[in-house]
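Engineer: The file below is start-v2.cif, mmCIF, C-alpha atoms:
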data_protein
loop_
_atom_site.label_atom_id
_atom_site.label_comp_id
_atom_site.auth_asym_id
_atom_site.auth_seq_id
_atom_site.Cartn_x
_atom_site.Cartn_y
_atom_site.Cartn_z
CA MET A 1 108.93 91.01 101.43
CA ASN A 2 106.91 93.13 103.83
CA TYR A 3 105.24 96.36 102.68
CA GLN A 4 108.18 98.65 103.43
CA GLN A 5 110.63 96.31 101.71
CA THR A 6 108.30 96.22 98.71
CA LEU A 7 108.26 100.02 98.49
CA ASP A 8 112.05 100.11 98.87
CA TYR A 9 112.30 97.66 95.98
CA LEU A 10 109.99 99.69 93.78
CA TYR A 11 111.72 102.97 94.52
CA SER A 12 115.28 101.68 94.24
CA LYS A 13 115.06 99.21 91.37
CA LEU A 14 112.85 101.16 89.00
CA PRO A 15 113.18 104.70 87.62
CA LEU A 16 110.86 107.07 89.45
CA PHE A 17 109.98 110.33 87.69
CA THR A 18 109.03 112.20 90.86
CA ARG A 19 112.50 111.59 92.28
CA VAL A 20 114.86 111.74 89.31
CA GLY A 21 112.82 113.57 86.67
CA ALA A 22 113.19 113.24 82.90
CA ALA A 23 115.54 110.25 83.10
CA ALA A 24 112.58 108.12 84.18
CA TYR A 25 110.29 109.19 81.32
CA LYS A 26 109.80 106.62 78.57
CA ALA A 27 108.38 108.06 75.38
CA ASP A 28 106.57 104.98 74.12
CA LEU A 29 103.96 102.45 75.22
CA HIS A 30 105.99 99.32 74.49
CA ASN A 31 106.68 98.37 78.12
CA ILE A 32 103.19 98.94 79.47
CA LEU A 33 101.65 97.03 76.56
CA ALA A 34 103.99 94.09 77.18
CA LEU A 35 103.40 94.22 80.93
CA SER A 36 99.64 94.45 80.58
CA ALA A 37 99.52 91.57 78.10
CA ALA A 38 101.60 89.41 80.44
CA ILE A 39 99.13 89.88 83.31
CA GLY A 40 96.03 89.33 81.16
CA ASN A 41 95.10 92.82 79.92
CA PRO A 42 93.11 93.80 83.02
CA GLU A 43 92.30 97.24 81.59
CA LYS A 44 89.82 95.57 79.21
CA GLN A 45 87.74 94.20 82.09
CA PHE A 46 86.16 97.46 83.34
CA LYS A 47 84.92 100.79 82.00
CA THR A 48 86.91 103.98 82.40
CA VAL A 49 87.01 107.76 82.12
CA HIS A 50 90.40 109.14 81.06
CA ILE A 51 91.57 112.56 82.28
CA ALA A 52 94.56 114.61 81.10
CA GLY A 53 95.65 118.21 81.54
CA THR A 54 98.38 120.35 83.04
CA ASN A 55 96.39 121.65 86.00
CA GLY A 56 93.04 120.50 87.36
CA LYS A 57 93.13 116.86 86.32
CA GLY A 58 93.59 115.62 89.88
CA SER A 59 90.71 117.64 91.32
CA SER A 60 88.49 116.74 88.35
CA SER A 61 89.30 113.05 88.78
CA HIS A 62 88.31 113.14 92.44
CA PHE A 63 85.10 115.08 91.73
CA LEU A 64 84.04 112.55 89.09
CA ALA A 65 84.91 109.56 91.26
CA SER A 66 82.89 111.02 94.12
CA ILE A 67 79.88 111.62 91.86
CA PHE A 68 79.95 108.02 90.62
CA GLN A 69 80.22 106.79 94.21
CA GLU A 70 77.19 108.87 95.20
CA ALA A 71 75.31 107.33 92.25
CA GLY A 72 75.96 103.87 93.70
CA TYR A 73 78.65 102.71 91.29
CA LYS A 74 81.69 100.81 92.52
CA THR A 75 84.35 103.28 91.45
CA GLY A 76 88.08 102.92 90.96
CA LEU A 77 90.34 105.98 91.08
CA PHE A 78 93.92 106.15 89.84
CA THR A 79 95.89 109.35 90.44
CA SER A 80 99.46 110.53 90.92
CA PRO A 81 101.62 111.51 92.64
CA HIS A 82 100.74 110.60 96.21
CA LEU A 83 101.22 112.94 99.15
CA LYS A 84 101.84 110.65 102.12
CA ASP A 85 101.27 107.01 101.18
CA PHE A 86 101.93 105.25 97.88
CA ARG A 87 98.53 103.56 98.18
CA GLU A 88 96.73 106.92 97.74
CA ARG A 89 97.26 106.42 94.00
CA ILE A 90 94.91 103.41 93.81
CA ARG A 91 91.50 103.53 95.47
CA VAL A 92 88.14 101.78 95.18
CA ASN A 93 85.23 103.77 96.59
CA GLY A 94 87.78 105.93 98.36
CA LYS A 95 89.52 103.01 100.07
CA MET A 96 93.23 102.66 99.33
CA ILE A 97 94.57 99.39 97.97
CA SER A 98 95.79 97.19 100.82
CA ARG A 99 99.45 96.82 101.65
CA GLN A 100 99.14 93.07 101.20
CA LYS A 101 97.94 93.47 97.60
CA VAL A 102 100.84 95.76 96.77
CA VAL A 103 103.26 93.21 98.22
CA ARG A 104 101.63 90.21 96.51
CA PHE A 105 101.55 91.92 93.11
CA THR A 106 105.22 92.91 93.34
CA GLU A 107 106.35 89.48 94.50
CA LYS A 108 104.28 87.70 91.87
CA TYR A 109 105.54 89.76 88.97
CA SER A 110 109.10 90.65 90.01
CA PRO A 111 110.53 88.13 87.48
CA LEU A 112 108.42 89.86 84.83
CA PHE A 113 109.77 93.23 85.95
CA ASP A 114 113.31 91.94 85.60
CA GLU A 115 112.52 90.83 82.06
CA ILE A 116 110.56 93.87 80.81
CA GLN A 117 112.29 96.52 82.97
CA PRO A 118 109.22 98.75 83.35
CA SER A 119 109.39 102.18 84.93
CA PHE A 120 107.94 102.78 88.39
CA PHE A 121 104.89 104.42 86.82
CA GLU A 122 104.34 101.58 84.34
CA MET A 123 104.38 99.10 87.19
CA THR A 124 101.96 101.26 89.20
CA VAL A 125 99.54 101.50 86.27
CA ALA A 126 99.59 97.71 85.86
CA LEU A 127 98.98 97.26 89.59
CA ALA A 128 96.03 99.67 89.49
CA PHE A 129 94.43 98.03 86.48
CA GLU A 130 94.80 94.54 87.95
CA HIS A 131 93.33 95.75 91.25
CA PHE A 132 90.33 97.37 89.55
CA ALA A 133 89.70 94.25 87.49
CA LYS A 134 89.84 91.95 90.53
CA GLU A 135 87.57 94.31 92.48
CA LYS A 136 85.13 94.26 89.54
CA VAL A 137 84.63 98.01 89.58
CA ASP A 138 81.77 99.44 87.52
CA ILE A 139 84.00 102.26 86.33
CA ALA A 140 87.47 103.65 87.04
CA ILE A 141 88.54 107.27 86.77
CA ILE A 142 92.06 107.24 85.34
CA GLU A 143 94.30 110.30 85.59
CA THR A 144 97.29 110.49 83.26
CA GLY A 145 100.69 110.79 84.86
CA LEU A 146 102.42 113.00 82.29
CA GLY A 147 101.19 114.17 78.91
CA GLY A 148 98.68 111.81 77.34
CA ARG A 149 99.67 110.40 73.97
CA LEU A 150 102.59 108.39 75.36
CA ASP A 151 101.41 108.16 78.96
CA SER A 152 101.29 104.63 80.35
CA THR A 153 97.57 104.96 81.11
CA ASN A 154 96.84 105.50 77.41
CA ILE A 155 96.15 101.82 76.70
CA ILE A 156 92.52 102.15 77.78
CA THR A 157 89.49 102.78 75.60
CA PRO A 158 87.38 104.99 77.86
CA GLU A 159 83.72 105.95 77.95
CA LEU A 160 84.83 109.56 77.75
CA SER A 161 88.03 111.61 77.71
CA LEU A 162 88.29 114.82 79.75
CA ILE A 163 91.04 117.38 79.18
CA THR A 164 91.47 120.18 81.70
CA ASN A 165 93.71 123.26 81.62
CA ILE A 166 96.78 123.31 79.35
CA SER A 167 99.79 125.35 80.42
CA MET A 168 103.58 125.37 80.28
CA ASP A 169 104.95 122.46 82.28
CA HIS A 170 107.38 119.60 81.56
CA MET A 171 108.43 121.48 78.41
CA ASP A 172 111.58 119.34 78.11
CA LEU A 173 109.34 116.31 77.54
CA LEU A 174 106.08 117.60 76.08
CA GLY A 175 107.13 120.61 74.00
CA ASP A 176 107.82 124.30 74.49
CA THR A 177 104.51 125.75 73.28
CA ILE A 178 100.89 125.38 74.37
CA ALA A 179 100.09 123.90 70.96
CA LYS A 180 102.78 121.21 71.30
CA ILE A 181 101.73 120.34 74.84
CA SER A 182 98.07 120.26 73.73
CA TYR A 183 99.00 117.79 71.00
CA GLU A 184 100.41 115.43 73.64
CA LYS A 185 97.34 115.82 75.90
CA ALA A 186 95.04 115.32 72.89
CA GLY A 187 96.61 111.89 72.48
CA ILE A 188 93.99 110.47 74.86
CA ILE A 189 91.25 111.25 72.31
CA LYS A 190 90.12 107.93 70.84
CA GLN A 191 88.17 106.94 67.74
CA GLY A 192 84.47 107.69 68.26
CA ILE A 193 84.87 108.39 72.00
CA PRO A 194 83.44 111.73 73.20
CA VAL A 195 85.82 114.28 74.70
CA VAL A 196 85.11 117.23 76.99
CA ILE A 197 87.53 120.17 77.20
CA SER A 198 87.16 121.98 80.53
CA GLU A 199 88.69 125.29 79.49
CA GLU A 200 88.75 126.68 75.96
CA GLN A 201 92.11 128.30 75.21
CA GLU A 202 93.06 130.07 72.01
CA GLU A 203 96.43 128.32 71.62
CA SER A 204 95.00 124.81 72.04
CA HIS A 205 91.59 125.17 70.35
CA ALA A 206 92.65 124.18 66.84
CA VAL A 207 94.71 121.23 68.11
CA PHE A 208 91.70 119.70 69.85
CA ILE A 209 89.35 120.42 66.96
CA ASP A 210 91.72 118.73 64.48
CA LYS A 211 92.25 115.68 66.69
CA GLY A 212 88.56 115.30 67.48
CA THR A 213 87.62 115.60 63.82
CA ASN A 214 90.25 113.10 62.72
CA GLN A 215 89.05 110.62 65.34
CA GLY A 216 85.35 111.16 64.67
CA ALA A 217 84.91 112.09 68.31
CA GLN A 218 82.20 114.32 69.74
CA LEU A 219 84.07 117.37 71.08
CA VAL A 220 82.51 119.64 73.71
CA PHE A 221 84.00 122.78 75.29
CA ALA A 222 82.57 123.02 78.81
CA SER A 223 83.59 126.66 79.27
CA ASP A 224 81.13 127.56 76.45
CA LEU A 225 78.26 125.72 78.12
CA VAL A 226 78.43 126.44 81.84
CA THR A 227 78.23 129.97 83.27
CA TRP A 228 78.65 130.85 86.92
CA ASN A 229 76.45 133.76 87.95
CA LYS A 230 77.28 133.78 91.64
CA GLU A 231 80.09 132.46 93.80
CA LYS A 232 80.81 132.82 97.50
CA ILE A 233 82.45 131.03 100.42
CA VAL A 234 80.05 129.48 102.93
CA PHE A 235 80.83 127.81 106.26
CA GLU A 236 79.02 124.51 106.91
CA ASN A 237 79.70 121.45 109.06
CA GLY A 238 82.89 122.94 110.42
CA ARG A 239 84.52 123.82 107.11
CA ASN A 240 84.45 126.25 104.20
CA TYR A 241 82.82 125.47 100.85
CA LEU A 242 82.92 127.27 97.51
CA ALA A 243 79.23 127.79 96.66
CA LEU A 244 78.53 128.23 92.95
CA THR A 245 75.26 129.03 91.22
CA GLY A 246 74.93 129.15 87.47
CA GLU A 247 73.46 127.86 84.24
CA ASN A 248 74.16 124.69 82.28
CA ARG A 249 73.30 125.24 78.62
CA TYR A 250 74.16 121.63 77.79
CA ARG A 251 70.94 120.85 79.67
CA LYS A 252 68.95 123.62 77.95
CA GLY A 253 69.69 126.29 80.54
CA GLU A 254 69.22 124.16 83.64
CA THR A 255 70.08 125.98 86.87
CA ILE A 256 73.09 124.60 88.75
CA ALA A 257 73.92 125.01 92.43
CA VAL A 258 76.92 123.18 93.91
CA LYS A 259 79.14 123.48 96.98
CA SER A 260 82.75 122.38 96.73
CA PRO A 261 85.04 121.59 99.68
CA LEU A 262 87.89 122.61 97.36
CA THR A 263 87.55 126.36 97.73
CA GLY A 264 90.16 127.69 95.31
CA ASN A 265 88.55 129.91 92.68
CA TYR A 266 90.29 127.87 89.99
CA GLN A 267 87.92 125.00 90.83
CA GLN A 268 85.21 126.89 88.95
CA LYS A 269 86.90 125.83 85.68
CA ASN A 270 87.33 122.24 86.81
CA ILE A 271 83.72 121.89 87.92
CA LYS A 272 82.50 123.13 84.54
CA GLY A 273 84.34 120.27 82.87
CA VAL A 274 83.08 117.75 85.41
CA LEU A 275 79.45 118.86 85.00
CA VAL A 276 79.52 118.58 81.23
CA ALA A 277 81.42 115.28 81.40
CA VAL A 278 78.63 113.85 83.56
CA GLU A 279 75.98 115.03 81.08
CA VAL A 280 77.79 113.30 78.21
CA LEU A 281 78.21 110.14 80.28
CA LYS A 282 74.49 110.15 81.09
CA GLU A 283 73.84 110.03 77.35
CA ARG A 284 75.94 106.86 77.29
CA GLY A 285 73.66 105.17 79.80
CA TRP A 286 75.11 106.07 83.19
CA LYS A 287 72.39 106.75 85.75
CA ILE A 288 73.41 109.93 87.54
CA THR A 289 70.96 112.46 88.99
CA LYS A 290 71.32 116.14 89.84
CA GLU A 291 71.42 115.14 93.52
CA HIS A 292 74.26 112.67 92.86
CA ILE A 293 76.23 115.50 91.23
CA GLN A 294 75.60 117.91 94.09
CA GLN A 295 76.42 115.36 96.79
CA GLY A 296 79.41 114.07 94.86
CA ILE A 297 80.97 117.51 94.66
CA TYR A 298 80.02 118.37 98.26
CA ASN A 299 81.54 115.13 99.62
CA ALA A 300 84.50 114.94 97.24
CA THR A 301 87.25 115.05 99.86
CA ILE A 302 85.37 112.73 102.23
CA ASN A 303 84.59 110.18 99.50
CA THR A 304 88.02 110.15 97.85
CA GLY A 305 90.58 111.36 100.39
CA LEU A 306 91.82 114.26 98.24
CA ARG A 307 94.15 116.70 99.97
CA GLY A 308 96.46 119.61 99.18
CA ARG A 309 94.21 121.76 96.96
CA TRP A 310 93.93 125.12 98.76
CA GLU A 311 93.64 123.10 101.95
CA GLN A 312 93.39 124.86 105.30
CA LEU A 313 95.86 123.49 107.84
CA GLY A 314 95.36 126.01 110.60
CA ASN A 315 93.63 129.13 111.85
CA LYS A 316 95.07 132.14 113.70
CA PRO A 317 97.29 132.32 111.79
CA PHE A 318 95.36 131.20 108.71
CA ILE A 319 97.48 128.43 107.12
CA ILE A 320 96.86 127.20 103.57
CA CYS A 321 98.74 124.68 101.46
CA ASP A 322 98.34 124.27 97.72
CA THR A 323 100.07 121.94 95.25
CA GLY A 324 100.05 124.49 92.39
CA HIS A 325 103.63 124.54 91.14
CA ASN A 326 103.75 125.61 87.49
CA GLU A 327 103.11 129.03 85.95
CA ALA A 328 99.37 128.60 85.48
CA GLY A 329 98.87 126.91 88.85
CA VAL A 330 100.77 129.60 90.74
CA LYS A 331 98.86 132.36 88.94
CA GLU A 332 95.67 130.84 90.34
CA VAL A 333 97.13 130.61 93.84
CA VAL A 334 98.28 134.24 93.76
CA ALA A 335 94.87 135.34 92.49
CA GLN A 336 93.28 133.47 95.38
CA LEU A 337 95.55 135.28 97.85
CA ALA A 338 94.06 138.58 96.71
CA SER A 339 90.68 137.52 98.09
CA ILE A 340 91.99 136.84 101.61
CA ASN A 341 92.18 139.40 104.42
CA TYR A 342 95.39 139.14 106.46
CA LYS A 343 97.83 141.48 108.21
CA HIS A 344 101.05 139.99 106.79
CA LEU A 345 101.80 137.12 104.44
CA HIS A 346 104.38 134.41 105.17
CA ILE A 347 105.26 131.99 102.35
CA VAL A 348 106.97 128.64 102.87
CA TRP A 349 108.27 127.80 99.39
CA GLY A 350 110.25 125.00 97.78
CA MET A 351 110.53 123.90 94.14
CA VAL A 352 112.00 121.13 92.03
CA GLY A 353 115.09 121.83 90.02
CA ASP A 354 113.79 120.85 86.59
CA LYS A 355 111.09 123.54 86.49
CA ASP A 356 111.36 127.02 84.96
CA VAL A 357 111.43 128.57 88.42
CA SER A 358 112.16 132.12 87.24
CA LYS A 359 108.71 132.56 85.67
CA VAL A 360 106.98 131.15 88.74
CA LEU A 361 109.01 133.29 91.16
CA SER A 362 108.19 136.42 89.17
CA LEU A 363 104.49 135.80 89.89
CA LEU A 364 104.87 135.72 93.67
CA PRO A 365 104.11 138.78 95.85
CA GLN A 366 107.13 140.82 96.95
CA ASN A 367 105.49 142.12 100.13
CA ALA A 368 105.72 138.75 101.91
CA THR A 369 108.27 137.08 104.15
CA TYR A 370 109.70 133.92 102.56
CA TYR A 371 110.94 130.69 104.09
CA PHE A 372 112.85 128.85 101.37
CA CYS A 373 113.22 125.10 101.80
CA LYS A 374 114.07 121.86 100.03
CA ALA A 375 111.79 118.82 99.98
CA ASN A 376 113.46 115.49 100.72
CA LEU A 377 114.03 114.19 97.18
CA PRO A 378 116.88 114.43 94.64
CA ARG A 379 114.91 116.59 92.16
CA ALA A 380 114.29 119.31 94.74
CA MET A 381 116.17 122.57 94.29
CA ALA A 382 118.61 123.42 97.07
CA ALA A 383 117.21 126.05 99.42
CA ASP A 384 120.18 128.40 98.97
CA VAL A 385 119.87 128.22 95.17
CA LEU A 386 116.14 128.92 95.37
CA GLN A 387 116.78 131.79 97.78
CA GLN A 388 119.27 133.36 95.36
CA LYS A 389 116.92 133.03 92.37
CA ALA A 390 114.09 134.49 94.45
CA GLN A 391 116.20 137.47 95.52
CA GLU A 392 116.71 138.27 91.84
CA LYS A 393 112.91 138.62 91.62
CA GLY A 394 112.70 140.87 94.70
CA LEU A 395 111.61 138.15 97.12
CA THR A 396 113.33 138.16 100.50
CA GLY A 397 113.55 135.54 103.20
CA LYS A 398 115.73 132.98 104.93
CA LYS A 399 116.65 129.46 103.85
CA TYR A 400 115.90 126.32 105.87
CA SER A 401 117.32 122.83 105.73
CA SER A 402 113.91 121.14 105.64
CA VAL A 403 110.24 121.82 105.02
CA LYS A 404 109.49 121.11 108.67
CA ARG A 405 111.98 123.73 109.88
CA ALA A 406 110.60 126.30 107.46
CA VAL A 407 107.01 125.69 108.58
CA VAL A 408 108.00 125.90 112.26
CA ALA A 409 109.83 129.19 111.63
CA ALA A 410 106.85 130.64 109.78
CA LYS A 411 104.48 129.68 112.59
CA ARG A 412 106.77 131.27 115.18
CA ALA A 413 107.04 134.50 113.22
CA ALA A 414 103.36 134.87 112.29
CA ASN A 415 100.81 136.50 114.55
CA GLN A 416 97.15 135.50 114.71
CA ALA A 417 96.05 137.98 112.05
CA ASP A 418 98.68 136.81 109.55
CA MET A 419 98.50 134.17 106.80
CA ILE A 420 100.92 131.38 105.95
CA LEU A 421 100.98 129.87 102.46
CA ILE A 422 102.85 126.58 101.93
CA GLY A 423 103.58 125.54 98.35
CA GLY A 424 105.80 125.55 95.28
CA SER A 425 105.87 121.77 94.97
CA THR A 426 103.62 118.79 95.61
CA PHE A 427 106.42 117.37 97.73
CA VAL A 428 106.65 120.45 99.96
CA VAL A 429 102.90 120.19 100.59
CA ALA A 430 103.21 116.46 101.30
CA GLU A 431 105.87 117.05 103.96
CA ALA A 432 103.94 119.96 105.49
CA ILE A 433 100.78 117.85 105.77
#
Can I see the file as structure tokens?
Structural biologist:
Amino acid sequence: MNYQQTLDYLYSKLPLFTRVGAAAYKADLHNILALSAAIGNPEKQFKTVHIAGTNGKGSSSHFLASIFQEAGYKTGLFTSPHLKDFRERIRVNGKMISRQKVVRFTEKYSPLFDEIQPSFFEMTVALAFEHFAKEKVDIAIIETGLGGRLDSTNIITPELSLITNISMDHMDLLGDTIAKISYEKAGIIKQGIPVVISEEQEESHAVFIDKGTNQGAQLVFASDLVTWNKEKIVFENGRNYLALTGENRYRKGETIAVKSPLTGNYQQKNIKGVLVAVEVLKERGWKITKEHIQQGIYNATINTGLRGRWEQLGNKPFIICDTGHNEAGVKEVVAQLASINYKHLHIVWGMVGDKDVSKVLSLLPQNATYYFCKANLPRAMAADVLQQKAQEKGLTGKKYSSVKRAVVAAKRAANQADMILIGGSTFVVAEAI
């Protein structure tokens, strides 16, 4: 097989959550354990950090990977989903796995796949772990795909677990309350392994305390330990940065000053978790300096290739895309909009059909012009259905047959003083990029 034939095989022969949704979710670790054992348990051959959460886990994973790279460590990074290329999911020092390695792995183990019948994600996890082992990485930052307790990545014993924001998402699979979802995320907490919680939330606090206590794990709430005293947007080297100054009480009140290329205000929460996670990792022997932290955050997108988090795609009109798609994520995006000066707001919006779209739509501003669209995947909600649901929430706009057509229409309608926001789904952002 060539690379494209390999991808066609993976997408067509194996269930793929991002395309078909809940039907692809397997609520146990049997397959990944069998698959990993058959290829020699590669996950035991390198050290890891494990990251779960509803929102923020992707950004936090990239920040941490970048910091380790700046500290001179050979660093693996596993994330999902991808925006443009499947290989974005598996990187070493920011470099995507080669097409040849994806092909060779699939060809070598296709008889095993036929026997075990793993999901697309289980196969991808196995591929990532084998790649990191063969590359002899010093550490790999591993982002969960969905949940935590029963996520395919949860066969590792990490140096540290990091849990970011918890909010209502994938309720059909993870539970219909914050406490139930937190229980699933808390499943990455391991016996005696320290865990950092980025954001302390009332509904999840007791769940994490109970799990940490039962596992004898050091539990640290980063939001209690890091305080931002000043934040502003600065323009350097041709781009905007979120400049934060504050205090890190984990380090006895040490002053912190960082600049993030991810400029969404919600990154303040993520960076708190990352900073405290690094401090705990330093106690476990990792050699990371204050300069490594600052440079790692500053160079995060350059070092890791991260895209789609409040990313600017154009100017005059000001065009932003953001992958926030659930209630908590969209709240952050809308809050960010309030800090931007523009004459009129245009919103290109598409969503997947298995989300609670009514709650998300009710958060969006009514004084904007909407361009409703459907991403090119089966899970995506039809543009006319989304338009109708949006109208019920007081949102008005036209429907378009594709993301591309919606973006083109928005650009034609907007003047130089306007703003265009593209979002609602990771897949809408991927097509826009």
Engineer: Sorted by chain and rising residue number, which residues of stretch 272-345 of chain A lie within 10 Å of stretch 83-107 of chain A, and what are their closest atom pairs and distances in Å to one decimal, counting all atoms listed in the file, as JSON lines?
Structural biologist:
{"residue": "A:Ala300", "atom": "CA", "partner": "A:Gly94", "partner_atom": "CA", "distance": 9.7}
{"residue": "A:Thr301", "atom": "CA", "partner": "A:Gly94", "partner_atom": "CA", "distance": 9.3}
{"residue": "A:Ile302", "atom": "CA", "partner": "A:Gly94", "partner_atom": "CA", "distance": 8.2}
{"residue": "A:Asn303", "atom": "CA", "partner": "A:Gly94", "partner_atom": "CA", "distance": 5.4}
{"residue": "A:Thr304", "atom": "CA", "partner": "A:Gly94", "partner_atom": "CA", "distance": 4.3}
{"residue": "A:Gly305", "atom": "CA", "partner": "A:Gly94", "partner_atom": "CA", "distance": 6.4}
{"residue": "A:Leu306", "atom": "CA", "partner": "A:Glu88", "partner_atom": "CA", "distance": 8.8}
{"residue": "A:Arg307", "atom": "CA", "partner": "A:Leu83", "partner_atom": "CA", "distance": 8.0}
{"residue": "A:Gly308", "atom": "CA", "partner": "A:Leu83", "partner_atom": "CA", "distance": 8.2}
{"residue": "A:Thr323", "atom": "CA", "partner": "A:Leu83", "partner_atom": "CA", "distance": 9.9}
Engineer: Of the residues A:Ile156, A:Ile422, A:Val258, A:Val226, which is the one nearest to A:Tyr370, using all atoms listed in the file?
Structural biologist: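 The closest residue to A:Tyr370 is A:Ile422.
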Engineer: Excluding A:Thr255 and any residue of its chain fewer than 4 positions from it, enumerate the residues within 8 Å of it, using all atoms listed in the file, and give them as an MDAnalysis selection string.
Structural biologist: chainID A and resid 245:248
Engineer: Tell me which of A:Ile420, A:Leu162, A:Ala52, A:Ile142 sits closest to A:His344, counting all atoms listed in the file.
Structural biologist: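 For A:His344, the nearest of the candidates is A:Ile420.
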Engineer: Could you check the closest approach to A:Leu112 for each of A:Ile181, A:Ala375, A:Ile51, A:Ala34 and tell me which residue wins, using all atoms listed in the file?
Structural biologist: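 Smallest distance to A:Leu112 is found for A:Ala34.
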Engineer: Can you put N, CA and C atoms back into stretch 396-415 of chain A and show it as a PDB file, in the frame of the given file?
Structural biologist:
ATOM      1  N   THR A 396     112.338 138.258  99.441  1.00  0.00           N
ATOM      2  CA  THR A 396     113.330 138.160 100.500  1.00  0.00           C
ATOM      3  C   THR A 396     112.881 137.189 101.588  1.00  0.00           C
ATOM      4  N   GLY A 397     113.851 136.484 102.128  1.00  0.00           N
ATOM      5  CA  GLY A 397     113.550 135.540 103.200  1.00  0.00           C
ATOM      6  C   GLY A 397     114.769 134.683 103.498  1.00  0.00           C
ATOM      7  N   LYS A 398     114.641 133.851 104.518  1.00  0.00           N
ATOM      8  CA  LYS A 398     115.730 132.980 104.930  1.00  0.00           C
ATOM      9  C   LYS A 398     115.577 131.579 104.335  1.00  0.00           C
ATOM     10  N   LYS A 399     116.670 130.837 104.334  1.00  0.00           N
ATOM     11  CA  LYS A 399     116.650 129.460 103.850  1.00  0.00           C
ATOM     12  C   LYS A 399     116.631 128.508 105.034  1.00  0.00           C
ATOM     13  N   TYR A 400     116.028 127.318 104.813  1.00  0.00           N
ATOM     14  CA  TYR A 400     115.900 126.320 105.870  1.00  0.00           C
ATOM     15  C   TYR A 400     116.266 124.959 105.308  1.00  0.00           C
ATOM     16  N   SER A 401     116.797 124.121 106.174  1.00  0.00           N
ATOM     17  CA  SER A 401     117.320 122.830 105.730  1.00  0.00           C
ATOM     18  C   SER A 401     116.241 121.796 105.462  1.00  0.00           C
ATOM     19  N   SER A 402     115.002 122.080 105.879  1.00  0.00           N
ATOM     20  CA  SER A 402     113.910 121.140 105.640  1.00  0.00           C
ATOM     21  C   SER A 402     112.592 121.894 105.594  1.00  0.00           C
ATOM     22  N   VAL A 403     111.585 121.243 105.052  1.00  0.00           N
ATOM     23  CA  VAL A 403     110.240 121.820 105.020  1.00  0.00           C
ATOM     24  C   VAL A 403     109.746 122.023 106.448  1.00  0.00           C
ATOM     25  N   LYS A 404     109.962 121.031 107.281  1.00  0.00           N
ATOM     26  CA  LYS A 404     109.490 121.110 108.670  1.00  0.00           C
ATOM     27  C   LYS A 404     110.061 122.332 109.379  1.00  0.00           C
ATOM     28  N   ARG A 405     111.359 122.573 109.225  1.00  0.00           N
ATOM     29  CA  ARG A 405     111.980 123.730 109.880  1.00  0.00           C
ATOM     30  C   ARG A 405     111.420 125.035 109.345  1.00  0.00           C
ATOM     31  N   ALA A 406     111.152 125.085 108.058  1.00  0.00           N
ATOM     32  CA  ALA A 406     110.600 126.300 107.460  1.00  0.00           C
ATOM     33  C   ALA A 406     109.190 126.573 107.980  1.00  0.00           C
ATOM     34  N   VAL A 407     108.386 125.539 108.081  1.00  0.00           N
ATOM     35  CA  VAL A 407     107.010 125.690 108.580  1.00  0.00           C
ATOM     36  C   VAL A 407     107.033 126.140 110.043  1.00  0.00           C
ATOM     37  N   VAL A 408     107.893 125.531 110.843  1.00  0.00           N
ATOM     38  CA  VAL A 408     108.000 125.900 112.260  1.00  0.00           C
ATOM     39  C   VAL A 408     108.406 127.368 112.389  1.00  0.00           C
ATOM     40  N   ALA A 409     109.369 127.801 111.584  1.00  0.00           N
ATOM     41  CA  ALA A 409     109.830 129.190 111.630  1.00  0.00           C
ATOM     42  C   ALA A 409     108.714 130.156 111.244  1.00  0.00           C
ATOM     43  N   ALA A 410     107.950 129.782 110.219  1.00  0.00           N
ATOM     44  CA  ALA A 410     106.850 130.640 109.780  1.00  0.00           C
ATOM     45  C   ALA A 410     105.788 130.762 110.873  1.00  0.00           C
ATOM     46  N   LYS A 411     105.477 129.655 111.519  1.00  0.00           N
ATOM     47  CA  LYS A 411     104.480 129.680 112.590  1.00  0.00           C
ATOM     48  C   LYS A 411     104.945 130.531 113.771  1.00  0.00           C
ATOM     49  N   ARG A 412     106.227 130.469 114.079  1.00  0.00           N
ATOM     50  CA  ARG A 412     106.770 131.270 115.180  1.00  0.00           C
ATOM     51  C   ARG A 412     106.726 132.757 114.862  1.00  0.00           C
ATOM     52  N   ALA A 413     106.962 133.091 113.611  1.00  0.00           N
ATOM     53  CA  ALA A 413     107.040 134.500 113.220  1.00  0.00           C
ATOM     54  C   ALA A 413     105.667 135.137 113.013  1.00  0.00           C
ATOM     55  N   ALA A 414     104.685 134.332 112.640  1.00  0.00           N
ATOM     56  CA  ALA A 414     103.360 134.870 112.290  1.00  0.00           C
ATOM     57  C   ALA A 414     102.547 135.172 113.537  1.00  0.00           C
ATOM     58  N   ASN A 415     101.768 136.261 113.470  1.00  0.00           N
ATOM     59  CA  ASN A 415     100.810 136.500 114.550  1.00  0.00           C
ATOM     60  C   ASN A 415      99.430 136.012 114.111  1.00  0.00           C
TER      61      ASN A 415
END
